[in-house]
Amino acid sequence: MSGICTGCLDGCKGGCETWLASFRGREVLYPARFGEITAGADKNYPVDYSHLNIQGYAVGAEGLPEGVEAGPDTALFENVNTETEYGWRKKIKMRVPIFTGALGSTKIAKDNWEHLAIGAALAGITIVCGENVCGVDPELELDSEGKIKKSPEMDFRIDTYKRYHDGYGEILVQTNVEDTRLGLAEYVASKHNLETIELKWGQGAKCIGGEIQVYTIERARQLKERGYIVLPDPTLPEVQRAYEEGAIKRFERHSRLGFITRDSFLKK
């Protein structure tokens, strides 16, 4: 079970394991203060994950370099090869079998993209650029058909990862209903030669939407014009009046659920 706080705050200088691991690395493998405490697992009855104990065994070993025989002097965790690959016709190698979560159009994803993308590239893992990144880009340019012509934010995200990418892992981009209508897949394929996208059918990973809010009616209208659901509707006269009078101070941007059938999936 995750030890992260339910309200994890960007910039927090607390002492949780996530905060420590972000820059202390393997030191967090051992409980602190080392040598002065003993650590066990709290039980949360009647049922909790802590009731499941994974017991090691000394019969063979996996992950050793080819040709190395398993034994007390070779089967050491620091010698394990964690490389793997995924894919069918196209194989993607990874140094460690880890994907990031989808870092999409939220402010916290945008503010932290650079170091997460660089870290993922150096570590040889796959980073997921989440949905709606182009759709909320203030500098987005559309062509005469309403398709993406230029998105500096998407360009920045892909270029940042590729600058340090050395063949392990990849960057893949999610496309939801609005992204598809804006021509995101065509844009990242033609401009950035990106070969992997993730077709997204659910919304916001939790089917709840509203994961970003905007604070001006002008920005709300812009997102509405780009095809998003914006609540309350900034085009309604009564909403505009309420905003001017200070009764409405912010707007929610929602995306649509991607209803799917076999035929529509294959066509897409």
# chains A, B, ... in the order shown; residues from 1 in each chain; ligands from 1
>>> residues_around(residues="segment 174-188 of chain A", least_positions_apart="6", cutoff="6 Å", atoms="only C-alpha atoms", output="ChimeraX atom specification")
/A:130-131,147-148,194,197-200,258
>>> write_last_selection(atoms="all heavy atoms", output="PDB file, in the first residue's frame")
ATOM      1  N   GLY A 130       0.546  12.521 -20.877  1.00  0.00           N
ATOM      2  CA  GLY A 130      -0.887  12.310 -20.734  1.00  0.00           C
ATOM      3  C   GLY A 130      -1.725  13.090 -21.733  1.00  0.00           C
ATOM      4  O   GLY A 130      -1.227  13.771 -22.627  1.00  0.00           O
ATOM      5  N   GLU A 131      -3.025  13.004 -21.539  1.00  0.00           N
ATOM      6  CA  GLU A 131      -3.988  13.591 -22.467  1.00  0.00           C
ATOM      7  C   GLU A 131      -4.081  15.112 -22.317  1.00  0.00           C
ATOM      8  O   GLU A 131      -3.636  15.690 -21.326  1.00  0.00           O
ATOM      9  CB  GLU A 131      -5.362  12.964 -22.205  1.00  0.00           C
ATOM     10  CG  GLU A 131      -5.849  13.182 -20.778  1.00  0.00           C
ATOM     11  CD  GLU A 131      -7.048  12.332 -20.427  1.00  0.00           C
ATOM     12  OE1 GLU A 131      -7.741  11.871 -21.348  1.00  0.00           O
ATOM     13  OE2 GLU A 131      -7.303  12.150 -19.222  1.00  0.00           O
ATOM     14  N   LYS A 147      -7.269  21.370 -37.044  1.00  0.00           N
ATOM     15  CA  LYS A 147      -6.275  20.390 -36.597  1.00  0.00           C
ATOM     16  C   LYS A 147      -5.023  21.104 -36.091  1.00  0.00           C
ATOM     17  O   LYS A 147      -4.756  22.252 -36.463  1.00  0.00           O
ATOM     18  CB  LYS A 147      -5.895  19.449 -37.754  1.00  0.00           C
ATOM     19  CG  LYS A 147      -7.070  18.718 -38.381  1.00  0.00           C
ATOM     20  CD  LYS A 147      -7.742  17.767 -37.410  1.00  0.00           C
ATOM     21  CE  LYS A 147      -8.836  16.954 -38.100  1.00  0.00           C
ATOM     22  NZ  LYS A 147      -9.529  16.047 -37.156  1.00  0.00           N
ATOM     23  N   ILE A 148      -4.257  20.408 -35.259  1.00  0.00           N
ATOM     24  CA  ILE A 148      -3.063  21.000 -34.660  1.00  0.00           C
ATOM     25  C   ILE A 148      -2.047  21.346 -35.745  1.00  0.00           C
ATOM     26  O   ILE A 148      -1.627  20.495 -36.525  1.00  0.00           O
ATOM     27  CB  ILE A 148      -2.427  20.043 -33.634  1.00  0.00           C
ATOM     28  CG1 ILE A 148      -3.407  19.752 -32.500  1.00  0.00           C
ATOM     29  CG2 ILE A 148      -1.133  20.639 -33.074  1.00  0.00           C
ATOM     30  CD1 ILE A 148      -2.980  18.613 -31.592  1.00  0.00           C
ATOM     31  N   LEU A 194       7.140  10.206 -33.856  1.00  0.00           N
ATOM     32  CA  LEU A 194       6.779   9.376 -32.704  1.00  0.00           C
ATOM     33  C   LEU A 194       6.013   8.154 -33.196  1.00  0.00           C
ATOM     34  O   LEU A 194       5.107   8.271 -34.028  1.00  0.00           O
ATOM     35  CB  LEU A 194       5.911  10.182 -31.740  1.00  0.00           C
ATOM     36  CG  LEU A 194       6.123   9.913 -30.249  1.00  0.00           C
ATOM     37  CD1 LEU A 194       7.541  10.280 -29.845  1.00  0.00           C
ATOM     38  CD2 LEU A 194       5.121  10.702 -29.416  1.00  0.00           C
ATOM     39  N   ILE A 197       1.463   5.693 -29.592  1.00  0.00           N
ATOM     40  CA  ILE A 197       0.432   6.463 -28.915  1.00  0.00           C
ATOM     41  C   ILE A 197      -0.391   5.510 -28.057  1.00  0.00           C
ATOM     42  O   ILE A 197      -0.353   4.292 -28.253  1.00  0.00           O
ATOM     43  CB  ILE A 197      -0.491   7.224 -29.880  1.00  0.00           C
ATOM     44  CG1 ILE A 197      -1.202   6.250 -30.817  1.00  0.00           C
ATOM     45  CG2 ILE A 197       0.250   8.294 -30.648  1.00  0.00           C
ATOM     46  CD1 ILE A 197      -2.297   6.889 -31.633  1.00  0.00           C
ATOM     47  N   GLU A 198      -1.116   6.069 -27.119  1.00  0.00           N
ATOM     48  CA  GLU A 198      -2.016   5.275 -26.279  1.00  0.00           C
ATOM     49  C   GLU A 198      -3.427   5.809 -26.479  1.00  0.00           C
ATOM     50  O   GLU A 198      -3.731   6.952 -26.137  1.00  0.00           O
ATOM     51  CB  GLU A 198      -1.634   5.383 -24.804  1.00  0.00           C
ATOM     52  CG  GLU A 198      -2.550   4.597 -23.883  1.00  0.00           C
ATOM     53  CD  GLU A 198      -2.201   4.795 -22.428  1.00  0.00           C
ATOM     54  OE1 GLU A 198      -1.015   5.020 -22.109  1.00  0.00           O
ATOM     55  OE2 GLU A 198      -3.124   4.732 -21.574  1.00  0.00           O
ATOM     56  N   LEU A 199      -4.290   4.995 -27.092  1.00  0.00           N
ATOM     57  CA  LEU A 199      -5.679   5.398 -27.281  1.00  0.00           C
ATOM     58  C   LEU A 199      -6.400   5.332 -25.937  1.00  0.00           C
ATOM     59  O   LEU A 199      -6.471   4.278 -25.319  1.00  0.00           O
ATOM     60  CB  LEU A 199      -6.363   4.479 -28.291  1.00  0.00           C
ATOM     61  CG  LEU A 199      -5.805   4.508 -29.717  1.00  0.00           C
ATOM     62  CD1 LEU A 199      -6.504   3.475 -30.579  1.00  0.00           C
ATOM     63  CD2 LEU A 199      -5.952   5.885 -30.324  1.00  0.00           C
ATOM     64  N   LYS A 200      -6.921   6.462 -25.513  1.00  0.00           N
ATOM     65  CA  LYS A 200      -7.506   6.546 -24.174  1.00  0.00           C
ATOM     66  C   LYS A 200      -9.018   6.573 -24.277  1.00  0.00           C
ATOM     67  O   LYS A 200      -9.591   7.441 -24.941  1.00  0.00           O
ATOM     68  CB  LYS A 200      -6.995   7.812 -23.473  1.00  0.00           C
ATOM     69  CG  LYS A 200      -7.303   7.852 -21.993  1.00  0.00           C
ATOM     70  CD  LYS A 200      -6.613   9.037 -21.354  1.00  0.00           C
ATOM     71  CE  LYS A 200      -6.920   9.130 -19.886  1.00  0.00           C
ATOM     72  NZ  LYS A 200      -6.324   8.065 -19.104  1.00  0.00           N
ATOM     73  N   GLY A 258     -14.471   7.935 -24.117  1.00  0.00           N
ATOM     74  CA  GLY A 258     -14.316   7.393 -25.459  1.00  0.00           C
ATOM     75  C   GLY A 258     -15.055   6.081 -25.616  1.00  0.00           C
ATOM     76  O   GLY A 258     -14.507   5.016 -25.365  1.00  0.00           O
TER      77      GLY A 258
END
>>> residues_around(residues="Ile158 of chain A", least_positions_apart="6", cutoff="12 Å", atoms="only C-alpha atoms", output="list of chain:residue names")
A:Trp113, A:Glu114, A:Ala117, A:Ile118, A:Ala121, A:Ile127, A:Val128, A:Cys129, A:Gly130, A:Val133, A:Ser151, A:Pro152, A:Tyr164, A:His165, A:Glu170, A:Ile171, A:Leu172, A:Val173, A:Tyr187, A:Val188, A:Ala189, A:Lys191, A:His192, A:Asn193, A:Leu194
>>> residues_around(residues="Leu64 of chain A", least_positions_apart="3", cutoff="7 Å", atoms="only C-alpha atoms", output="list in words")
Val68, Asn79, Val80 and Asn81 of chain A
>>> write_last_selection(atoms="N, CA, C and O atoms", output="compact mmCIF listing (two decimals), in the first residue's frame")
# COMPACT_ATOMS: atom_id res chain seq x y z
N VAL A 68 26.61 -17.21 -16.41
CA VAL A 68 27.02 -17.17 -15.00
C VAL A 68 26.17 -18.17 -14.22
O VAL A 68 24.94 -18.12 -14.26
N ASN A 79 24.04 -7.73 -8.86
CA ASN A 79 24.45 -8.29 -10.14
C ASN A 79 23.28 -8.57 -11.08
O ASN A 79 23.48 -8.97 -12.22
N VAL A 80 22.06 -8.40 -10.60
CA VAL A 80 20.89 -8.76 -11.38
C VAL A 80 20.73 -7.84 -12.59
O VAL A 80 20.87 -6.62 -12.48
N ASN A 81 20.44 -8.44 -13.73
CA ASN A 81 20.14 -7.68 -14.94
C ASN A 81 18.64 -7.41 -14.97
O ASN A 81 17.83 -8.33 -15.09
>>> select_by_dssp(residues="segment 119-207 of chain A", states="alpha helix (DSSP H)", output="PyMOL selection string")
chain A and resi 119-123+152-164+177-182+184-192
>>> closest_residue(among="A:Leu52, A:Lys149, A:Pro234, A:Glu211", to="Ser190 of chain A", atoms="only C-alpha atoms")
A:Lys149
>>> closest_residue(among="A:Glu66, A:Glu153, A:Arg219, A:Pro72", to="Ala109 of chain A", atoms="only C-alpha atoms")
A:Glu153
